[in-house]
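Student: Next comes the structure file structure-v5.cif, holding mmCIF, C-alpha atoms.
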data_start
loop_
_atom_site.group_PDB
_atom_site.id
_atom_site.type_symbol
_atom_site.label_atom_id
_atom_site.label_comp_id
_atom_site.auth_asym_id
_atom_site.auth_seq_id
_atom_site.Cartn_x
_atom_site.Cartn_y
_atom_site.Cartn_z
ATOM 1 C CA MET A 1 55.897 91.366 168.404
ATOM 2 C CA ASP A 2 53.716 94.473 168.449
ATOM 3 C CA SER A 3 54.539 97.600 166.482
ATOM 4 C CA ASN A 4 55.326 99.689 169.574
ATOM 5 C CA SER A 5 58.162 97.400 170.655
ATOM 6 C CA ARG A 6 59.907 97.752 167.286
ATOM 7 C CA SER A 7 59.845 101.531 167.023
ATOM 8 C CA LYS A 8 59.947 103.915 169.945
ATOM 9 C CA PRO A 9 57.823 107.116 169.867
ATOM 10 C CA ARG A 10 60.946 109.323 170.052
ATOM 11 C CA ASP A 11 62.437 107.503 167.048
ATOM 12 C CA GLN A 12 59.227 108.152 165.146
ATOM 13 C CA ASP A 13 59.321 111.851 166.086
ATOM 14 C CA ASP A 14 62.931 112.069 164.894
ATOM 15 C CA LEU A 15 62.020 110.338 161.647
ATOM 16 C CA GLU A 16 59.099 112.671 161.063
ATOM 17 C CA GLY A 17 61.437 115.650 161.546
ATOM 18 C CA ILE A 18 63.883 114.248 158.997
ATOM 19 C CA MET A 19 61.099 113.640 156.468
ATOM 20 C CA GLN A 20 59.803 117.199 156.843
ATOM 21 C CA ARG A 21 63.269 118.551 155.964
ATOM 22 C CA LEU A 22 63.459 116.655 152.660
ATOM 23 C CA PRO A 23 63.508 118.801 149.505
ATOM 24 C CA PRO A 24 60.306 119.184 147.456
ATOM 25 C CA SER A 25 61.626 116.674 144.895
ATOM 26 C CA HIS A 26 60.878 113.914 147.429
ATOM 27 C CA SER A 27 57.406 112.439 147.834
ATOM 28 C CA TRP A 28 56.778 110.837 151.187
ATOM 29 C CA LYS A 29 53.982 109.666 153.413
ATOM 30 C CA PHE A 30 54.552 109.092 157.102
ATOM 31 C CA ARG A 31 52.174 107.855 159.768
ATOM 32 C CA LYS A 32 53.254 107.186 163.308
ATOM 33 C CA GLY A 33 52.460 103.806 164.774
ATOM 34 C CA GLN A 34 50.330 104.520 167.828
ATOM 35 C CA GLY A 35 48.705 101.603 169.572
ATOM 36 C CA GLU A 36 46.410 99.048 167.986
ATOM 37 C CA ASP A 37 44.503 101.523 165.778
ATOM 38 C CA SER A 38 47.426 102.801 163.747
ATOM 39 C CA SER A 39 50.561 101.174 162.426
ATOM 40 C CA LEU A 40 53.800 102.771 161.310
ATOM 41 C CA LEU A 41 53.974 103.615 157.608
ATOM 42 C CA LEU A 42 56.781 105.384 155.776
ATOM 43 C CA VAL A 43 56.743 105.542 151.974
ATOM 44 C CA HIS A 44 59.393 107.480 150.038
ATOM 45 C CA GLN A 45 60.112 108.225 146.384
ATOM 46 C CA THR A 46 62.145 110.937 144.653
ATOM 47 C CA ASP A 47 61.250 112.641 141.370
ATOM 48 C CA ASN A 48 64.170 110.838 139.718
ATOM 49 C CA GLN A 49 62.846 107.497 140.979
ATOM 50 C CA LYS A 50 59.430 108.381 139.534
ATOM 51 C CA ARG A 51 61.049 109.141 136.177
ATOM 52 C CA LEU A 52 62.919 105.815 136.184
ATOM 53 C CA LEU A 53 59.767 103.936 137.200
ATOM 54 C CA SER A 54 57.839 105.572 134.371
ATOM 55 C CA GLN A 55 60.578 104.782 131.855
ATOM 56 C CA TYR A 56 61.491 101.211 132.901
ATOM 57 C CA GLY A 57 58.886 100.001 135.384
ATOM 58 C CA ASN A 58 56.108 98.695 133.159
ATOM 59 C CA ASN A 59 57.736 95.360 132.342
ATOM 60 C CA LEU A 60 59.324 93.676 135.380
ATOM 61 C CA CYS A 61 59.509 95.087 138.904
ATOM 62 C CA THR A 62 61.062 93.479 141.952
ATOM 63 C CA LEU A 63 59.741 93.963 145.477
ATOM 64 C CA ASP A 64 62.624 93.136 147.792
ATOM 65 C CA ALA A 65 62.261 92.769 151.562
ATOM 66 C CA VAL A 66 65.695 93.855 152.772
ATOM 67 C CA TYR A 67 65.144 94.068 156.522
ATOM 68 C CA LYS A 68 65.773 90.344 156.961
ATOM 69 C CA THR A 69 69.376 90.932 155.945
ATOM 70 C CA THR A 70 70.060 93.847 158.312
ATOM 71 C CA LYS A 71 70.116 94.409 162.043
ATOM 72 C CA TYR A 72 66.850 96.371 161.910
ATOM 73 C CA SER A 73 63.582 94.639 162.727
ATOM 74 C CA LEU A 74 61.111 96.877 160.896
ATOM 75 C CA PRO A 75 59.978 95.431 157.548
ATOM 76 C CA THR A 76 61.773 97.495 154.904
ATOM 77 C CA PHE A 77 61.012 97.062 151.211
ATOM 78 C CA PHE A 78 62.588 98.341 147.987
ATOM 79 C CA ILE A 79 60.889 98.414 144.604
ATOM 80 C CA VAL A 80 63.602 97.771 142.023
ATOM 81 C CA ILE A 81 63.625 97.984 138.218
ATOM 82 C CA ARG A 82 66.218 97.146 135.606
ATOM 83 C CA ALA A 83 67.380 100.287 133.817
ATOM 84 C CA ASP A 84 69.703 100.265 130.810
ATOM 85 C CA THR A 85 72.748 98.812 132.529
ATOM 86 C CA THR A 86 71.927 98.662 136.230
ATOM 87 C CA HIS A 87 69.182 97.876 138.694
ATOM 88 C CA GLN A 88 67.732 100.932 140.435
ATOM 89 C CA VAL A 89 65.605 101.410 143.534
ATOM 90 C CA VAL A 90 62.512 103.352 142.423
ATOM 91 C CA GLY A 91 60.583 103.406 145.682
ATOM 92 C CA SER A 92 60.900 102.286 149.273
ATOM 93 C CA PHE A 93 58.708 101.772 152.283
ATOM 94 C CA ILE A 94 58.807 100.707 155.923
ATOM 95 C CA VAL A 95 55.826 99.187 157.716
ATOM 96 C CA SER A 96 55.262 97.961 161.273
ATOM 97 C CA GLU A 97 54.424 94.400 160.294
ATOM 98 C CA GLU A 98 54.870 92.328 157.155
ATOM 99 C CA THR A 99 51.139 91.894 156.550
ATOM 100 C CA HIS A 100 49.037 91.924 153.423
ATOM 101 C CA ASN A 101 47.228 95.141 154.459
ATOM 102 C CA ALA A 102 50.387 97.054 155.370
ATOM 103 C CA ILE A 103 52.219 96.113 152.170
ATOM 104 C CA GLU A 104 49.160 96.812 150.028
ATOM 105 C CA GLU A 105 48.716 100.261 151.577
ATOM 106 C CA ALA A 106 52.338 101.204 150.906
ATOM 107 C CA VAL A 107 52.339 99.948 147.301
ATOM 108 C CA ARG A 108 49.040 101.786 146.687
ATOM 109 C CA VAL A 109 50.677 105.041 147.815
ATOM 110 C CA ILE A 110 53.460 104.589 145.256
ATOM 111 C CA ARG A 111 50.885 103.692 142.599
ATOM 112 C CA GLU A 112 48.928 106.894 143.419
ATOM 113 C CA TRP A 113 52.119 108.881 142.850
ATOM 114 C CA ASN A 114 52.651 107.020 139.536
ATOM 115 C CA PRO A 115 49.171 106.509 138.020
ATOM 116 C CA SER A 116 50.417 105.089 134.691
ATOM 117 C CA TRP A 117 52.570 102.447 136.412
ATOM 118 C CA ASN A 118 51.292 98.967 135.625
ATOM 119 C CA PRO A 119 54.043 96.331 135.469
ATOM 120 C CA LEU A 120 53.424 93.160 133.501
ATOM 121 C CA TYR A 121 55.445 90.998 135.918
ATOM 122 C CA TRP A 122 56.646 91.043 139.517
ATOM 123 C CA MET A 123 59.532 89.197 141.092
ATOM 124 C CA THR A 124 59.395 88.831 144.856
ATOM 125 C CA ASP A 125 59.977 86.440 147.710
ATOM 126 C CA CYS A 126 57.526 83.586 147.952
ATOM 127 C CA CYS A 127 55.523 85.367 150.658
ATOM 128 C CA ALA A 128 51.731 85.151 150.579
ATOM 129 C CA ALA A 129 51.286 88.610 152.135
ATOM 130 C CA VAL A 130 53.415 90.258 149.436
ATOM 131 C CA ILE A 131 51.880 88.322 146.538
ATOM 132 C CA ASP A 132 48.307 88.980 147.744
ATOM 133 C CA ALA A 133 49.037 92.688 148.190
ATOM 134 C CA LEU A 134 50.488 92.978 144.675
ATOM 135 C CA GLU A 135 47.541 91.097 143.165
ATOM 136 C CA ASN A 136 45.137 93.527 144.870
ATOM 137 C CA VAL A 137 46.985 96.661 143.779
ATOM 138 C CA PHE A 138 47.558 95.353 140.225
ATOM 139 C CA PRO A 139 44.452 93.268 139.499
ATOM 140 C CA GLY A 140 45.519 92.382 135.949
ATOM 141 C CA MET A 141 48.279 90.113 137.217
ATOM 142 C CA PRO A 142 47.802 86.372 136.665
ATOM 143 C CA SER A 143 45.859 84.752 139.474
ATOM 144 C CA PRO A 144 47.102 81.518 141.073
ATOM 145 C CA ALA A 145 44.613 79.604 138.883
ATOM 146 C CA ALA A 146 46.016 81.262 135.757
ATOM 147 C CA VAL A 147 49.528 80.445 136.944
ATOM 148 C CA LYS A 148 48.834 76.734 136.528
ATOM 149 C CA GLN A 149 47.556 77.295 132.987
ATOM 150 C CA ASN A 150 50.147 79.861 131.896
ATOM 151 C CA PRO A 151 53.252 79.909 134.102
ATOM 152 C CA VAL A 152 55.198 82.314 131.858
ATOM 153 C CA GLY A 153 54.109 85.557 133.504
ATOM 154 C CA THR A 154 54.285 84.671 137.162
ATOM 155 C CA ALA A 155 56.564 85.909 139.882
ATOM 156 C CA LYS A 156 57.459 82.334 140.795
ATOM 157 C CA THR A 157 58.530 81.566 137.233
ATOM 158 C CA ALA A 158 60.537 84.777 137.038
ATOM 159 C CA LEU A 159 62.210 83.920 140.344
ATOM 160 C CA SER A 160 62.943 80.391 139.137
ATOM 161 C CA ASN A 161 64.399 81.693 135.860
ATOM 162 C CA PHE A 162 66.447 84.249 137.772
ATOM 163 C CA SER A 163 67.802 81.495 140.038
ATOM 164 C CA ILE A 164 68.801 79.456 137.001
ATOM 165 C CA PHE A 165 70.461 82.539 135.518
ATOM 166 C CA LEU A 166 72.409 83.183 138.742
ATOM 167 C CA THR A 167 73.512 79.555 138.908
ATOM 168 C CA LEU A 168 74.779 79.709 135.330
ATOM 169 C CA ALA A 169 76.477 83.050 135.937
ATOM 170 C CA VAL A 170 78.298 81.721 139.019
ATOM 171 C CA PHE A 171 79.296 78.606 137.102
ATOM 172 C CA LEU A 172 80.709 80.718 134.239
ATOM 173 C CA ILE A 173 82.609 82.976 136.634
ATOM 174 C CA ILE A 174 84.140 79.958 138.351
ATOM 175 C CA ALA A 175 84.872 78.270 135.030
ATOM 176 C CA LEU A 176 86.505 81.403 133.622
ATOM 177 C CA GLY A 177 88.498 81.838 136.806
ATOM 178 C CA ILE A 178 89.730 78.249 136.726
ATOM 179 C CA PHE A 179 90.453 78.202 133.008
ATOM 180 C CA SER A 180 91.718 81.775 132.657
ATOM 181 C CA ASP A 181 95.234 80.451 132.082
ATOM 182 C CA PHE A 182 94.004 78.363 129.179
ATOM 183 C CA PHE A 183 91.633 80.953 127.689
ATOM 184 C CA PRO A 184 93.091 84.437 128.328
ATOM 185 C CA ALA A 185 90.963 85.944 125.557
ATOM 186 C CA CYS A 186 87.765 85.125 127.474
ATOM 187 C CA ILE A 187 88.468 87.494 130.367
#
Written as structure tokens, how would this file's structure read?
Tutor:
Amino acid sequence: MDSNSRSKPRDQDDLEGIMQRLPPSHSWKFRKGQGEDSSLLLVHQTDNQKRLLSQYGNNLCTLDAVYKTTKYSLPTFFIVIRADTTHQVVGSFIVSEETHNAIEEAVRVIREWNPSWNPLYWMTDCCAAVIDALENVFPGMPSPAAVKQNPVGTAKTALSNFSIFLTLAVFLIIALGIFSDFFPACI
């Protein structure tokens, strides 16, 4: 599917108008997708998101592709960090296609806005385009060869550990729900 069939020129004009009306506390980059030479790019981050990224974003960041769970077809991504008690979106972008180059360009824009940002670990879907883009923007990340030698710092390991955590959490919730009559002090 080409980029023009996903986003109509009028929609892009409307979006550009909305972006231009944002307050100065919002950083954004917008490029219309026009033909084969240019693809749609929208990157957005608020000053508060920059502050949160600076404060919490140098350990583990998550790059989440959310468009697969909505009715919209344009690849939409959120960069998420864990703050004190919650997870927070600290940047977002929309691209025409889920390709290595498009994702890399968008993440580079956010990195330019946050020059000291250098997370130790990333958690993301097992998507080669996303992983390659992140490795190019953050060259200090473990390479696939280093992953085999030291799996502790990899996105795949983090995802696996997170899956185990979720499984245990669901099990505990079910167990506490079933046994709440027997153990009222636990809930």
Student: If you take every atom of segment 125-131 of chain A that the file lists and fit an axis-aligned box around them with 6 Å extra on each side, what centre and edge lengths come out in Å to one decimal, as AutoDock Vina command-line options?
Tutor:
--center_x 55.6 --center_y 86.9 --center_z 149.3 --size_x 20.7 --size_y 18.7 --size_z 17.6
Student: Taking the file above as input, evaluate the PyMOL selection byres ((chain A and resi 117) around 7) and report the hits as a short mmCIF file (atom, residue, chain, number, x, y, z; two decimals) with C-alpha atoms, keeping the file's coordinate frame.
Tutor:
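Written file, out08.cif:
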data_model
loop_
_atom_site.label_atom_id
_atom_site.label_comp_id
_atom_site.auth_asym_id
_atom_site.auth_seq_id
_atom_site.Cartn_x
_atom_site.Cartn_y
_atom_site.Cartn_z
CA SER A 54 57.84 105.57 134.37
CA GLY A 57 58.89 100.00 135.38
CA ASN A 58 56.11 98.70 133.16
CA ARG A 111 50.88 103.69 142.60
CA ASN A 114 52.65 107.02 139.54
CA PRO A 115 49.17 106.51 138.02
CA SER A 116 50.42 105.09 134.69
CA ASN A 118 51.29 98.97 135.62
CA PRO A 119 54.04 96.33 135.47
#
Student: Expand the PyMOL selection byres ((chain A and resi 93) around 7) into the individual residues it matches in the shown file, reporting them as a PyMOL selection string.
Tutor: chain A and resi 42-44+76-78+92+94-95+106
Student: Find the residues with any atom within 12 Å of (63.6, 110.0, 138.8); use only C-alpha atoms and the coordinates as given in the file, and write the answer as an MDAnalysis selection string.
Tutor: chainID A and resid 25:27 45:57 83 88:91 114
Student: Report, in Å with one decimal, the straight-line distance from atom CA of His87 of chain A to atom CA of Leu60 of chain A.
Tutor: 11.2 Å
Student: Do you have the atom CA of Cys61 of chain A-atom CA of Arg82 of chain A distance handy?
Tutor: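 One can read the atom CA of Cys61 of chain A to atom CA of Arg82 of chain A distance as 7.8 Å.
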Student: Could you please determine the separation between atom CA of Ser38 of chain A and atom CA of Trp122 of chain A in Å, to one decimal place?
Tutor: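 Separating atom CA of Ser38 of chain A from atom CA of Trp122 of chain A is a distance of 28.5 Å.
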Student: Using the chain letters and residue numbers of this document, give as an mmCIF file with C-alpha atoms, in the frame of the given file the residues selected by the PyMOL selection byres ((chain A and resi 102) around 12).
Tutor:
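Dumped to part09.cif:
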data_model
loop_
_atom_site.group_PDB
_atom_site.id
_atom_site.type_symbol
_atom_site.label_atom_id
_atom_site.label_comp_id
_atom_site.auth_asym_id
_atom_site.auth_seq_id
_atom_site.Cartn_x
_atom_site.Cartn_y
_atom_site.Cartn_z
ATOM 1 C CA SER A 3 54.539 97.600 166.482
ATOM 2 C CA ARG A 31 52.174 107.855 159.768
ATOM 3 C CA GLY A 33 52.460 103.806 164.774
ATOM 4 C CA SER A 38 47.426 102.801 163.747
ATOM 5 C CA SER A 39 50.561 101.174 162.426
ATOM 6 C CA LEU A 40 53.800 102.771 161.310
ATOM 7 C CA LEU A 41 53.974 103.615 157.608
ATOM 8 C CA LEU A 42 56.781 105.384 155.776
ATOM 9 C CA VAL A 43 56.743 105.542 151.974
ATOM 10 C CA PRO A 75 59.978 95.431 157.548
ATOM 11 C CA THR A 76 61.773 97.495 154.904
ATOM 12 C CA PHE A 77 61.012 97.062 151.211
ATOM 13 C CA PHE A 93 58.708 101.772 152.283
ATOM 14 C CA ILE A 94 58.807 100.707 155.923
ATOM 15 C CA VAL A 95 55.826 99.187 157.716
ATOM 16 C CA SER A 96 55.262 97.961 161.273
ATOM 17 C CA GLU A 97 54.424 94.400 160.294
ATOM 18 C CA GLU A 98 54.870 92.328 157.155
ATOM 19 C CA THR A 99 51.139 91.894 156.550
ATOM 20 C CA HIS A 100 49.037 91.924 153.423
ATOM 21 C CA ASN A 101 47.228 95.141 154.459
ATOM 22 C CA ILE A 103 52.219 96.113 152.170
ATOM 23 C CA GLU A 104 49.160 96.812 150.028
ATOM 24 C CA GLU A 105 48.716 100.261 151.577
ATOM 25 C CA ALA A 106 52.338 101.204 150.906
ATOM 26 C CA VAL A 107 52.339 99.948 147.301
ATOM 27 C CA ARG A 108 49.040 101.786 146.687
ATOM 28 C CA VAL A 109 50.677 105.041 147.815
ATOM 29 C CA ALA A 129 51.286 88.610 152.135
ATOM 30 C CA VAL A 130 53.415 90.258 149.436
ATOM 31 C CA ASP A 132 48.307 88.980 147.744
ATOM 32 C CA ALA A 133 49.037 92.688 148.190
ATOM 33 C CA LEU A 134 50.488 92.978 144.675
#
Student: Which residue is closest to Glu112 of chain A? Choose from A:Thr86, A:Leu74, A:Gln34, A:Trp28 and count only C-alpha atoms.
Tutor: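 So, comparing all the options, the nearest one is A:Trp28.
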Student: Using all atoms listed in the file, which of A:Ile110, A:Cys127, A:Tyr67, A:Pro139 sits nearest Ile79 of chain A?
Tutor: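 Among A:Ile110, A:Cys127, A:Tyr67, A:Pro139, it is A:Ile110 that comes nearest to Ile79 of chain A.
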